[in-house]
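Text of coords.txt (compact mmCIF, C-alpha atoms and all ligand atoms) as supplied:
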```txt
# COMPACT_ATOMS: atom_id res chain seq x y z
CA MET A 200 -2.67 -25.71 19.39
CA PRO A 201 -0.05 -26.79 16.79
CA SER A 202 3.56 -25.91 17.61
CA ASN A 203 5.44 -23.29 15.59
CA GLY A 204 7.29 -26.05 13.77
CA VAL A 205 4.04 -27.74 12.75
CA GLN A 206 2.57 -24.41 11.69
CA ARG A 207 5.65 -23.64 9.58
CA ARG A 208 5.45 -27.07 7.92
CA GLU A 209 1.77 -26.49 7.17
CA VAL A 210 2.45 -23.08 5.65
CA HIS A 211 5.28 -24.60 3.60
CA ARG A 212 3.02 -27.41 2.38
CA HIS A 213 0.35 -24.84 1.55
CA ASP A 214 2.85 -22.76 -0.45
CA ARG A 215 3.99 -25.85 -2.36
CA TYR A 216 0.40 -26.61 -3.21
CA LEU A 217 -0.20 -23.05 -4.32
CA ARG A 218 2.72 -23.36 -6.71
CA MET A 219 0.95 -26.30 -8.29
CA LYS A 220 -2.50 -24.86 -8.63
CA PRO A 221 -3.75 -21.48 -7.47
CA LEU A 222 -7.50 -21.83 -7.04
CA ASN A 223 -8.60 -18.25 -6.58
CA VAL A 224 -7.53 -14.62 -6.69
CA ALA A 225 -6.34 -14.77 -3.06
CA ASP A 226 -3.94 -17.59 -4.02
CA TYR A 227 -2.57 -15.43 -6.84
CA ARG A 228 -2.24 -12.53 -4.43
CA ARG A 229 -0.09 -14.66 -2.11
CA LEU A 230 2.10 -15.76 -5.03
CA ALA A 231 2.48 -12.16 -6.25
CA LYS A 232 3.48 -11.15 -2.73
CA LYS A 233 6.29 -13.71 -2.75
CA ARG A 234 7.56 -12.73 -6.15
CA LEU A 235 7.46 -8.93 -6.04
CA PRO A 236 9.74 -6.71 -3.99
CA ARG A 237 7.87 -5.79 -0.84
CA GLY A 238 7.69 -2.08 -1.68
CA MET A 239 6.15 -2.79 -5.07
CA PHE A 240 3.71 -5.36 -3.74
CA GLU A 241 2.50 -2.92 -1.13
CA TYR A 242 2.19 -0.18 -3.74
CA ILE A 243 -0.21 -2.37 -5.68
CA ASP A 244 -2.00 -4.04 -2.86
CA ARG A 245 -2.54 -1.54 -0.10
CA GLY A 246 -4.75 1.46 0.47
CA THR A 247 -4.21 4.95 1.83
CA GLU A 248 -4.05 6.50 5.30
CA ASP A 249 -5.81 4.14 7.76
CA GLU A 250 -7.06 1.81 5.00
CA VAL A 251 -10.63 2.28 6.18
CA GLY A 252 -11.68 2.55 2.55
CA LEU A 253 -9.91 -0.65 1.56
CA ARG A 254 -11.47 -2.64 4.40
CA GLY A 255 -14.85 -1.01 3.74
CA ILE A 256 -14.87 -2.24 0.13
CA ARG A 257 -14.42 -5.87 1.20
CA ASN A 258 -16.92 -5.52 4.05
CA ALA A 259 -19.56 -3.94 1.81
CA LEU A 260 -19.17 -6.62 -0.86
CA ASP A 261 -19.28 -9.39 1.76
CA ALA A 262 -22.38 -7.85 3.34
CA THR A 263 -24.19 -7.93 -0.02
CA LYS A 264 -26.01 -11.27 -0.21
CA LEU A 265 -27.64 -12.77 -3.28
CA CYS A 266 -30.81 -14.86 -3.18
CA GLN A 267 -30.98 -18.41 -4.48
CA ASN A 268 -33.83 -19.04 -6.92
CA LEU A 269 -34.44 -22.75 -7.36
CA LEU A 270 -35.27 -24.99 -10.29
CA ASN A 271 -34.55 -22.63 -13.17
CA ASP A 272 -32.72 -24.08 -16.16
CA VAL A 273 -29.17 -22.95 -15.47
CA SER A 274 -27.44 -25.71 -17.36
CA GLN A 275 -25.56 -23.12 -19.42
CA PRO A 276 -25.64 -19.64 -17.90
CA ASP A 277 -24.86 -16.95 -20.47
CA THR A 278 -22.27 -14.66 -18.89
CA SER A 279 -21.97 -12.43 -21.97
CA THR A 280 -23.03 -8.83 -22.34
CA THR A 281 -22.67 -5.93 -24.77
CA VAL A 282 -20.73 -2.79 -23.87
CA PHE A 283 -20.56 0.12 -26.31
CA GLY A 284 -21.82 -2.12 -29.09
CA LYS A 285 -19.26 -4.85 -28.50
CA LYS A 286 -20.17 -8.29 -27.23
CA LEU A 287 -18.02 -9.43 -24.30
CA PRO A 288 -18.07 -13.07 -23.12
CA ILE A 289 -17.86 -11.82 -19.54
CA PRO A 290 -18.82 -8.35 -18.29
CA VAL A 291 -15.23 -7.37 -17.53
CA ILE A 292 -12.74 -4.79 -18.76
CA ILE A 293 -9.16 -4.75 -17.48
CA SER A 294 -8.76 -1.52 -15.55
CA PRO A 295 -5.96 0.96 -16.22
CA THR A 296 -3.14 0.42 -13.70
CA ALA A 297 -0.10 2.64 -13.85
CA VAL A 298 2.69 0.22 -13.00
CA ALA A 299 1.53 -2.96 -14.73
CA GLY A 300 4.75 -2.87 -16.76
CA LEU A 301 6.78 -3.29 -13.58
CA VAL A 302 5.10 -6.37 -12.14
CA TRP A 303 6.35 -8.44 -15.09
CA HIS A 304 8.62 -7.63 -18.00
CA ASP A 305 6.32 -5.96 -20.56
CA GLY A 306 3.48 -6.52 -18.10
CA GLU A 307 1.05 -4.34 -20.04
CA VAL A 308 1.55 -6.40 -23.19
CA HIS A 309 0.97 -9.60 -21.21
CA LEU A 310 -2.19 -8.21 -19.65
CA ALA A 311 -3.47 -7.00 -23.01
CA ARG A 312 -2.83 -10.41 -24.58
CA ALA A 313 -4.63 -12.15 -21.72
CA ALA A 314 -7.59 -9.81 -22.17
CA GLY A 315 -7.57 -10.42 -25.92
CA SER A 316 -7.53 -14.18 -25.48
CA MET A 317 -10.65 -13.87 -23.30
CA GLY A 318 -12.31 -11.50 -25.78
CA ILE A 319 -12.47 -8.60 -23.33
CA PRO A 320 -11.00 -5.07 -23.55
CA PHE A 321 -7.78 -3.86 -21.96
CA CYS A 322 -7.62 -0.22 -20.89
CA VAL A 323 -4.17 1.31 -21.44
CA ALA A 324 -3.17 3.79 -18.72
CA THR A 325 -1.68 7.23 -19.42
CA GLN A 326 1.09 6.23 -16.99
CA SER A 327 1.79 2.94 -18.72
CA MET A 328 5.39 1.74 -19.18
CA THR A 329 4.54 0.57 -22.71
CA SER A 330 2.98 2.87 -25.28
CA MET A 331 -0.47 2.28 -26.71
CA GLU A 332 1.14 1.83 -30.15
CA ASP A 333 3.47 -0.90 -28.86
CA ILE A 334 0.67 -2.67 -27.04
CA ALA A 335 -1.54 -2.53 -30.15
CA GLU A 336 1.29 -3.97 -32.23
CA ARG A 337 2.17 -6.78 -29.82
CA ALA A 338 -1.30 -7.70 -28.59
CA LYS A 339 -3.00 -7.69 -31.99
CA GLY A 340 -6.71 -8.25 -31.91
CA THR A 341 -7.20 -6.98 -28.33
CA ASP A 342 -9.83 -4.28 -28.02
CA LEU A 343 -7.86 -1.41 -26.47
CA TRP A 344 -9.38 1.42 -24.47
CA PHE A 345 -7.39 4.41 -23.24
CA GLN A 346 -7.38 6.04 -19.80
CA LEU A 347 -6.66 9.74 -19.70
CA TYR A 348 -4.95 11.69 -16.97
CA VAL A 349 -4.98 15.34 -18.00
CA PHE A 350 -1.55 16.99 -18.06
CA GLU A 351 -0.86 20.57 -16.96
CA ASP A 352 -0.05 21.25 -20.62
CA ARG A 353 -3.40 20.61 -22.28
CA SER A 354 -1.81 20.47 -25.75
CA LEU A 355 0.04 17.29 -24.66
CA THR A 356 -3.28 15.82 -23.56
CA ARG A 357 -4.73 16.60 -26.97
CA ASP A 358 -1.79 14.80 -28.60
CA LEU A 359 -2.65 11.66 -26.62
CA LEU A 360 -6.21 11.76 -27.91
CA VAL A 361 -4.95 12.11 -31.49
CA ARG A 362 -2.68 9.08 -31.00
CA ALA A 363 -5.47 7.01 -29.47
CA LYS A 364 -7.82 7.87 -32.29
CA ALA A 365 -5.19 7.07 -34.93
CA LEU A 366 -4.93 3.58 -33.44
CA GLY A 367 -8.66 3.04 -33.76
CA ILE A 368 -9.32 3.26 -30.01
CA ARG A 369 -13.00 4.11 -29.49
CA ASN A 370 -13.43 4.20 -25.72
CA LEU A 371 -11.80 6.79 -23.48
CA LEU A 372 -11.85 6.74 -19.67
CA PHE A 373 -11.36 10.20 -18.21
CA THR A 374 -10.08 9.72 -14.65
CA ALA A 375 -11.20 12.56 -12.42
CA ASP A 376 -10.84 11.22 -8.89
CA THR A 377 -7.13 11.87 -8.29
CA PRO A 378 -6.65 15.60 -7.67
CA ARG A 379 -3.61 14.93 -5.47
CA SER A 380 -1.10 12.16 -5.05
CA PRO A 381 -2.82 10.05 -2.35
CA LYS A 382 -1.25 9.55 1.07
CA LYS A 383 0.08 6.02 0.80
CA GLU A 384 1.70 5.64 4.19
CA TRP A 385 2.82 2.08 3.54
CA ASN A 386 4.91 3.33 0.69
CA MET A 387 6.18 6.30 2.65
CA ARG A 388 7.49 3.78 5.19
CA ASN A 389 8.86 1.15 2.81
CA GLY A 390 10.43 3.79 0.58
CA PHE A 391 8.81 2.67 -2.68
CA GLY A 392 7.50 5.34 -5.01
CA ILE A 393 7.98 6.80 -8.43
CA PRO A 394 10.63 8.05 -8.90
CA ILE A 395 12.19 4.93 -7.37
CA LYS A 396 14.92 6.24 -5.07
CA PRO A 397 17.96 4.11 -4.31
CA SER A 398 18.11 3.09 -0.65
CA VAL A 399 19.64 0.36 1.50
CA ALA A 400 16.16 -1.02 2.27
CA GLY A 401 15.29 -0.96 -1.44
CA GLY A 402 18.54 -2.76 -2.33
CA LEU A 403 17.90 -5.47 0.26
CA ASP A 404 14.34 -5.80 -1.05
CA LEU A 405 15.74 -6.43 -4.55
CA LEU A 406 18.23 -8.99 -3.23
CA ALA A 407 15.43 -10.79 -1.41
CA HIS A 408 13.45 -11.06 -4.68
CA PRO A 409 16.06 -12.15 -7.24
CA ARG A 410 13.55 -13.61 -9.68
CA TRP A 411 11.87 -10.22 -10.08
CA SER A 412 15.16 -8.32 -10.04
CA PHE A 413 16.61 -10.41 -12.87
CA SER A 414 13.57 -11.23 -14.97
CA VAL A 415 11.98 -7.79 -14.83
CA MET A 416 14.33 -4.96 -13.85
CA LEU A 417 17.62 -6.30 -15.16
CA ARG A 418 15.92 -7.42 -18.35
CA TYR A 419 14.61 -3.90 -18.93
CA ILE A 420 18.02 -2.39 -18.21
CA LEU A 421 19.75 -4.77 -20.63
CA THR A 422 17.19 -4.37 -23.42
CA THR A 423 15.20 -1.14 -23.60
CA GLY A 424 16.77 0.62 -20.62
CA MET A 425 15.25 1.81 -17.36
CA PRO A 426 11.44 2.00 -17.81
CA THR A 427 9.76 5.35 -18.37
CA TYR A 428 6.20 6.60 -18.70
CA ALA A 429 5.86 5.69 -22.34
CA HIS A 430 3.15 8.20 -23.22
CA TYR A 431 5.13 11.22 -22.14
CA PRO A 432 6.67 13.05 -25.10
CA PRO A 433 10.36 12.05 -25.48
CA GLU A 434 11.62 15.49 -24.48
CA TYR A 435 9.78 15.23 -21.12
CA ARG A 436 10.36 11.56 -20.47
CA THR A 437 12.50 10.63 -17.49
CA SER A 438 13.29 7.17 -16.22
CA ILE A 439 11.31 5.93 -13.22
CA THR A 440 14.38 6.44 -11.06
CA ARG A 441 14.48 10.19 -11.69
CA ALA A 442 12.02 12.86 -10.64
CA SER A 443 10.42 14.68 -13.54
CA VAL A 444 11.40 18.32 -13.59
CA TRP A 445 8.88 19.23 -16.26
CA ASP A 446 5.72 21.00 -15.20
CA ASN A 447 4.05 20.31 -18.56
CA VAL A 448 3.63 16.60 -17.81
CA LYS A 449 2.53 16.96 -14.20
CA LEU A 450 -1.06 15.86 -13.73
CA ALA A 451 -3.34 18.90 -13.86
CA ARG A 452 -3.78 20.34 -10.40
CA LYS A 453 -6.74 22.41 -11.52
CA LEU A 454 -9.07 19.99 -13.26
CA THR A 455 -12.67 21.07 -13.72
CA TRP A 456 -15.84 20.26 -15.65
CA ASP A 457 -14.54 22.64 -18.34
CA ASP A 458 -11.71 20.17 -18.99
CA PHE A 459 -14.22 17.35 -19.28
CA ALA A 460 -16.34 19.41 -21.69
CA GLU A 461 -13.21 20.25 -23.71
CA VAL A 462 -12.23 16.58 -24.00
CA ARG A 463 -15.83 15.85 -25.04
CA ARG A 464 -15.37 18.33 -27.89
CA GLN A 465 -12.06 16.75 -28.91
CA TRP A 466 -13.05 13.09 -28.65
CA ASP A 467 -15.65 11.68 -31.00
CA GLY A 468 -15.61 8.15 -29.55
CA ASN A 469 -17.25 7.02 -26.31
CA LEU A 470 -16.28 9.15 -23.34
CA VAL A 471 -16.51 7.66 -19.85
CA LEU A 472 -15.96 9.58 -16.61
CA LYS A 473 -14.08 7.42 -14.08
CA GLY A 474 -14.38 7.90 -10.34
CA VAL A 475 -18.05 8.89 -9.99
CA LEU A 476 -19.58 8.33 -6.53
CA THR A 477 -22.59 10.66 -6.44
CA PRO A 478 -25.79 10.91 -8.52
CA SER A 479 -25.15 14.63 -9.06
CA ASP A 480 -21.73 14.03 -10.68
CA ALA A 481 -23.27 11.28 -12.81
CA GLY A 482 -26.00 13.72 -13.90
CA ARG A 483 -23.46 16.42 -14.72
CA ALA A 484 -21.38 14.01 -16.81
CA LEU A 485 -24.51 12.95 -18.69
CA LYS A 486 -25.46 16.56 -19.37
CA LEU A 487 -21.98 17.23 -20.78
CA GLY A 488 -22.34 14.33 -23.19
CA ALA A 489 -20.67 11.41 -21.39
CA ASP A 490 -21.48 8.02 -22.84
CA GLY A 491 -20.75 6.30 -19.57
CA ILE A 492 -19.32 6.48 -16.08
CA VAL A 493 -17.20 4.28 -13.88
CA VAL A 494 -18.63 4.19 -10.38
CA SER A 495 -15.37 3.70 -8.52
CA CYS A 496 -13.65 4.39 -5.23
CA HIS A 497 -10.35 3.68 -7.01
CA GLY A 498 -9.95 0.37 -5.19
CA GLY A 499 -9.48 2.18 -1.85
CA ARG A 500 -6.31 3.81 -3.19
CA ASN A 501 -7.36 7.47 -3.15
CA MET A 502 -9.70 9.03 -0.59
CA ASP A 503 -9.79 6.87 2.51
CA CYS A 504 -13.14 8.20 3.69
CA ALA A 505 -14.91 7.79 0.34
CA PRO A 506 -18.05 5.66 0.21
CA THR A 507 -17.58 2.29 -1.40
CA ALA A 508 -18.56 1.90 -5.05
CA ILE A 509 -21.04 -0.88 -4.27
CA ASP A 510 -22.81 1.36 -1.71
CA ALA A 511 -22.83 4.36 -4.04
CA LEU A 512 -24.06 2.44 -7.07
CA PRO A 513 -27.83 1.97 -6.45
CA ARG A 514 -28.61 5.69 -6.14
CA ILE A 515 -26.49 6.49 -9.17
CA ALA A 516 -28.13 3.74 -11.23
CA ASP A 517 -31.55 5.10 -10.24
CA ALA A 518 -30.57 8.62 -11.28
CA VAL A 519 -29.02 7.51 -14.58
CA ASP A 520 -32.04 5.34 -15.36
CA GLY A 521 -30.51 3.62 -18.39
CA ARG A 522 -29.44 6.85 -20.16
CA MET A 523 -25.75 5.93 -20.25
CA THR A 524 -23.51 2.95 -19.63
CA ILE A 525 -22.60 2.29 -16.01
CA LEU A 526 -19.33 0.54 -15.29
CA ALA A 527 -18.12 -0.06 -11.74
CA ASP A 528 -15.02 -1.25 -9.97
CA SER A 529 -13.22 -1.77 -6.67
CA GLY A 530 -12.54 -4.90 -4.71
CA ILE A 531 -13.53 -7.60 -7.20
CA ARG A 532 -11.87 -10.82 -6.09
CA ARG A 533 -14.62 -13.36 -6.84
CA GLY A 534 -17.06 -14.03 -9.66
CA SER A 535 -19.85 -13.38 -7.14
CA ASP A 536 -18.45 -9.85 -6.64
CA ILE A 537 -19.04 -9.26 -10.36
CA ALA A 538 -22.64 -10.51 -10.00
CA LYS A 539 -23.14 -8.19 -7.01
CA TYR A 540 -22.05 -5.14 -9.02
CA ILE A 541 -24.31 -6.17 -11.90
CA ALA A 542 -27.25 -6.72 -9.52
CA THR A 543 -26.64 -3.31 -8.00
CA GLY A 544 -26.85 -1.53 -11.35
CA ALA A 545 -23.58 -1.88 -13.30
CA ASP A 546 -23.57 -2.99 -16.95
CA ALA A 547 -20.03 -4.34 -16.58
CA VAL A 548 -17.07 -4.11 -14.20
CA LEU A 549 -13.41 -3.14 -14.27
CA ILE A 550 -10.75 -5.25 -12.61
CA GLY A 551 -7.49 -3.81 -11.30
CA ARG A 552 -5.50 -5.74 -8.75
CA ALA A 553 -6.84 -9.26 -9.42
CA THR A 554 -5.26 -9.50 -12.86
CA LEU A 555 -2.15 -7.67 -11.65
CA TYR A 556 -1.61 -10.48 -9.11
CA GLY A 557 -1.93 -12.99 -11.96
CA THR A 558 0.48 -11.05 -14.19
CA ALA A 559 3.01 -10.66 -11.36
CA THR A 560 2.94 -14.43 -10.85
CA ALA A 561 3.06 -15.78 -14.38
CA GLY A 562 2.68 -12.99 -16.97
CA GLU A 563 0.00 -13.51 -19.60
CA LYS A 564 -0.79 -17.01 -18.35
CA GLY A 565 -1.33 -15.80 -14.79
CA ALA A 566 -3.63 -12.97 -15.89
CA ARG A 567 -5.52 -15.33 -18.14
CA ASP A 568 -5.91 -17.86 -15.28
CA VAL A 569 -7.33 -15.17 -13.03
CA LEU A 570 -9.85 -14.18 -15.69
CA GLU A 571 -10.76 -17.83 -16.22
CA ILE A 572 -11.25 -18.31 -12.46
CA LEU A 573 -13.51 -15.25 -12.32
CA ARG A 574 -15.47 -16.44 -15.35
CA GLU A 575 -16.02 -19.84 -13.81
CA GLU A 576 -17.01 -18.36 -10.45
CA LEU A 577 -19.48 -16.03 -12.19
CA ASP A 578 -20.94 -19.03 -14.01
CA HIS A 579 -21.30 -20.83 -10.65
CA CYS A 580 -22.84 -17.79 -9.01
CA MET A 581 -25.40 -17.50 -11.82
CA ALA A 582 -26.23 -21.19 -11.52
CA PHE A 583 -26.64 -21.02 -7.74
CA THR A 584 -28.77 -17.88 -7.94
CA GLY A 585 -30.84 -19.44 -10.73
CA GLN A 586 -30.01 -16.85 -13.40
CA ALA A 587 -29.60 -18.04 -16.99
CA ARG A 588 -28.69 -14.66 -18.47
CA LEU A 589 -26.60 -11.78 -17.17
CA ASP A 590 -29.48 -9.39 -17.91
CA ASP A 591 -31.61 -11.36 -15.45
CA ILE A 592 -29.30 -10.31 -12.62
CA THR A 593 -31.12 -7.32 -11.16
CA ALA A 594 -31.68 -5.68 -7.79
CA ASP A 595 -34.40 -8.29 -7.11
CA LEU A 596 -31.60 -10.76 -6.54
CA ILE A 597 -30.16 -8.83 -3.61
CA TRP A 598 -31.20 -10.24 -0.27
CA LYS A 599 -33.01 -7.60 1.80
CA GLN A 600 -32.68 -8.21 5.49
CA THR A 601 -36.17 -8.25 7.03
CA PRO A 602 -36.20 -5.79 9.92
CA ALA A 603 -36.51 -7.53 13.29
CA VAL A 604 -40.12 -7.46 14.55
CA GLY A 605 -40.95 -6.21 18.05
C1 LIG B 1 -1.29 -0.38 -9.08
C2 LIG B 1 -2.49 0.38 -9.52
C3 LIG B 1 -2.35 1.47 -10.36
C4 LIG B 1 -3.47 2.18 -10.79
N1 LIG B 1 -3.32 3.20 -11.67
C5 LIG B 1 -4.42 3.84 -12.16
C6 LIG B 1 -4.29 4.84 -13.16
O1 LIG B 1 -3.20 5.17 -13.61
N2 LIG B 1 -5.43 5.44 -13.61
C7 LIG B 1 -6.68 5.11 -13.13
O2 LIG B 1 -7.68 5.65 -13.57
N3 LIG B 1 -6.81 4.14 -12.18
C8 LIG B 1 -5.72 3.50 -11.70
N4 LIG B 1 -5.87 2.52 -10.76
C9 LIG B 1 -7.21 2.19 -10.26
C10 LIG B 1 -7.85 1.08 -11.11
O3 LIG B 1 -8.08 1.51 -12.41
C11 LIG B 1 -9.17 0.60 -10.49
O4 LIG B 1 -10.04 1.69 -10.33
C12 LIG B 1 -8.98 -0.10 -9.14
O5 LIG B 1 -7.78 -0.80 -9.11
C13 LIG B 1 -10.14 -1.06 -8.92
O6 LIG B 1 -10.02 -1.75 -7.71
P1 LIG B 1 -9.38 -3.22 -7.59
O7 LIG B 1 -7.91 -3.07 -7.74
O8 LIG B 1 -9.77 -3.63 -6.22
O9 LIG B 1 -10.00 -4.07 -8.69
C14 LIG B 1 -4.76 1.80 -10.33
C15 LIG B 1 -4.90 0.69 -9.49
C16 LIG B 1 -3.78 -0.02 -9.10
C17 LIG B 1 -3.98 -1.23 -8.21
```

I'd like the structure from this file rewritten - as structure tokens, please.
Ligand SMILES: Cc1cc2nc3c(=O)[nH]c(=O)nc-3n(C[C@H](O)[C@H](O)[C@H](O)COP(=O)(O)O)c2cc1C
Amino acid sequence: MPSNGVQRREVHRHDRYLRMKPLNVADYRRLAKKRLPRGMFEYIDRGTEDEVGLRGIRNALDATKLCQNLLNDVSQPDTSTTVFGKKLPIPVIISPTAVAGLVWHDGEVHLARAAGSMGIPFCVATQSMTSMEDIAERAKGTDLWFQLYVFEDRSLTRDLLVRAKALGIRNLLFTADTPRSPKKEWNMRNGFGIPIKPSVAGGLDLLAHPRWSFSVMLRYILTTGMPTYAHYPPEYRTSITRASVWDNVKLARKLTWDDFAEVRRQWDGNLVLKGVLTPSDAGRALKLGADGIVVSCHGGRNMDCAPTAIDALPRIADAVDGRMTILADSGIRRGSDIAKYIATGADAVLIGRATLYGTATAGEKGARDVLEILREELDHCMAFTGQARLDDITADLIWKQTPAVG
């Protein structure tokens, strides 16, 4: 058993090595943890209530095994696919994440540029710190999607759709799985939340993370001012340190299929329902004219007792039977996780935390590195499983445990 001193030296050596070359998403997660204030890191990283959902996602992905098929020509696996008529070099879209602009100065722009440099889309969140117009201007060439949270005041929601359309955005994710603010007990304890409330613990957290405090928060304060939700109309916009008093921009408490149908009438691009976990909801979305769904348990951040996306996916894919695009997310930390979602019935996946860890560590470069790592791991996974084309990855590839005899 090594002594504490030896253990500390080993951890230190490991950290120094990580600084030189992070090899995987977990390495980037550790670096993000060091750099971000604890409250913010936990806001991004953790789940809700007992975190059963968060653990379940990892367990379900780990329990999914892929078969190895030998002696196929996999000298150059083709990881590309087509989503809504657009060819993507890897089957990945960057997921909407509300606070990306706080993990790095102009984090959303960095993420969008990283996505663009990989030739994949970036989905702008309603609760982004940078507006879709700014991101489009500063990450030219990136295929932008938009994620919609419906406001209490539906006319403000309609305005967002008009703005997205004016920018040439074609793909809209309608998030439906967040009817309440989830119970994030880690954040209740560490005091982090939006609005960010001043506290002694919060102040000490900032002092303990000077690189973030200076290069992100202070930089905002000295340039554009305290960050705000950039898509909220100016008259309802409050800084992230003040509670919004406006009911109009609260997220709709009563959100129903009528709202989805209404957005379908207003939006002539591709409409994708995000947060689907049952075949019946998938069927209902299809009937109302959805072009796609995201099978998602919100990365274990919403309902702690929800089934995992990877477990829910096969029945949904069977029910949809190729009639609309199926995207999926939650828990992707390895290229093999992407292959597992594809094998289980997804056409492509969304990635939330993995690229946030990269952005929090090194901005655009960090996000781009994470995407490159995932691309390479997917390539490896295809080679090991003997699959030359992404389309060849089907349910046949999933290892079925033979029931014990006798
Ligand atoms: C910090 C953070 C903020 C998020 N904000 C939103 C959001 O505003 N809208 C939304 O539809 N999903 C949001 N999500 C969920 C992601 O879009 C995605 O479903 C989830 O992160 C996927 O799991 P993963 O992080 O394990 O990849 C957020 C996720 C994180 C980590």

Which residues of region 350-439 of chain A come within 12 Å of region 477-497 of chain A, and for each one, what is the closest pair of atoms and their distance in Å to one decimal, counting all atoms listed in the file, sorted by chain and residue number, as a Markdown table?
```
| residue | atom | partner | partner_atom | distance |
| --- | --- | --- | --- | --- |
| A:Arg369 | CA | A:Asp490 | CA | 11.5 |
| A:Asn370 | CA | A:Asp490 | CA | 9.4 |
| A:Leu371 | CA | A:Asp490 | CA | 9.8 |
| A:Leu372 | CA | A:Val493 | CA | 8.3 |
| A:Phe373 | CA | A:Ile492 | CA | 9.0 |
| A:Thr374 | CA | A:Val493 | CA | 9.0 |
| A:Ala375 | CA | A:Val493 | CA | 10.3 |
| A:Asp376 | CA | A:His497 | CA | 7.8 |
| A:Thr377 | CA | A:His497 | CA | 8.9 |
| A:Pro381 | CA | A:His497 | CA | 10.9 |
```

I'd like the contact shell of Leu310 (chain A) - 10 Å cut-off, only C-alpha atoms, skipping same-chain residues fewer than 5 positions apart - returned as a CSV table (one decimal) with C-alpha atoms, keeping the file's coordinate frame.
```
chain,number,residue,atom,x,y,z
A,293,ILE,CA,-9.2,-4.8,-17.5
A,299,ALA,CA,1.5,-3.0,-14.7
A,300,GLY,CA,4.8,-2.9,-16.8
A,303,TRP,CA,6.4,-8.4,-15.1
A,305,ASP,CA,6.3,-6.0,-20.6
A,315,GLY,CA,-7.6,-10.4,-25.9
A,316,SER,CA,-7.5,-14.2,-25.5
A,321,PHE,CA,-7.8,-3.9,-22.0
A,322,CYS,CA,-7.6,-0.2,-20.9
A,323,VAL,CA,-4.2,1.3,-21.4
A,334,ILE,CA,0.7,-2.7,-27.0
A,338,ALA,CA,-1.3,-7.7,-28.6
A,554,THR,CA,-5.3,-9.5,-12.9
A,555,LEU,CA,-2.2,-7.7,-11.6
A,557,GLY,CA,-1.9,-13.0,-12.0
A,558,THR,CA,0.5,-11.0,-14.2
A,562,GLY,CA,2.7,-13.0,-17.0
A,563,GLU,CA,0.0,-13.5,-19.6
A,564,LYS,CA,-0.8,-17.0,-18.4
A,565,GLY,CA,-1.3,-15.8,-14.8
A,566,ALA,CA,-3.6,-13.0,-15.9
A,567,ARG,CA,-5.5,-15.3,-18.1
```

Would you write out, as a tab-separated table, a table of all residues in chain A that have an atom no more than 7 Å from an atom of ligand LIG 1 (chain B), listing for each the closest atom pair and the distance in Å to one decimal, considering only C-alpha atoms and all ligand atoms and ordering rows by chain and rising residue number?
```
residue	atom	partner	partner_atom	distance
A:Tyr242	CA	B:LIG1	C1	6.4
A:Ile243	CA	B:LIG1	C1	4.1
A:Asp244	CA	B:LIG1	C17	6.4
A:Ser294	CA	B:LIG1	O3	4.4
A:Pro295	CA	B:LIG1	O3	4.4
A:Thr296	CA	B:LIG1	C4	3.4
A:Ala297	CA	B:LIG1	N1	3.9
A:Val298	CA	B:LIG1	C1	5.6
A:Ala299	CA	B:LIG1	C1	6.8
A:Ala324	CA	B:LIG1	O1	5.3
A:Thr325	CA	B:LIG1	O1	6.3
A:Gln326	CA	B:LIG1	O1	5.6
A:Gln346	CA	B:LIG1	O2	6.2
A:Thr374	CA	B:LIG1	O2	4.8
A:Lys473	CA	B:LIG1	O2	6.7
A:Ser495	CA	B:LIG1	O4	6.0
A:Cys496	CA	B:LIG1	O4	6.8
A:His497	CA	B:LIG1	O4	3.9
A:Gly498	CA	B:LIG1	O6	3.3
A:Asp528	CA	B:LIG1	C13	5.0
A:Ser529	CA	B:LIG1	O6	3.4
A:Gly530	CA	B:LIG1	O8	3.4
A:Ile531	CA	B:LIG1	O9	5.2
A:Leu549	CA	B:LIG1	O9	6.6
A:Ile550	CA	B:LIG1	O9	4.2
A:Gly551	CA	B:LIG1	O9	3.6
A:Arg552	CA	B:LIG1	O7	3.7
A:Ala553	CA	B:LIG1	O9	6.1
```

Just C-alpha atoms for this one: save the residues we selected as a CSV table (one decimal), keeping the file's coordinate frame.
```
chain,number,residue,atom,x,y,z
A,242,TYR,CA,2.2,-0.2,-3.7
A,243,ILE,CA,-0.2,-2.4,-5.7
A,244,ASP,CA,-2.0,-4.0,-2.9
A,294,SER,CA,-8.8,-1.5,-15.6
A,295,PRO,CA,-6.0,1.0,-16.2
A,296,THR,CA,-3.1,0.4,-13.7
A,297,ALA,CA,-0.1,2.6,-13.8
A,298,VAL,CA,2.7,0.2,-13.0
A,299,ALA,CA,1.5,-3.0,-14.7
A,324,ALA,CA,-3.2,3.8,-18.7
A,325,THR,CA,-1.7,7.2,-19.4
A,326,GLN,CA,1.1,6.2,-17.0
A,346,GLN,CA,-7.4,6.0,-19.8
A,374,THR,CA,-10.1,9.7,-14.6
A,473,LYS,CA,-14.1,7.4,-14.1
A,495,SER,CA,-15.4,3.7,-8.5
A,496,CYS,CA,-13.6,4.4,-5.2
A,497,HIS,CA,-10.4,3.7,-7.0
A,498,GLY,CA,-10.0,0.4,-5.2
A,528,ASP,CA,-15.0,-1.2,-10.0
A,529,SER,CA,-13.2,-1.8,-6.7
A,530,GLY,CA,-12.5,-4.9,-4.7
A,531,ILE,CA,-13.5,-7.6,-7.2
A,549,LEU,CA,-13.4,-3.1,-14.3
A,550,ILE,CA,-10.8,-5.2,-12.6
A,551,GLY,CA,-7.5,-3.8,-11.3
A,552,ARG,CA,-5.5,-5.7,-8.8
A,553,ALA,CA,-6.8,-9.3,-9.4
```
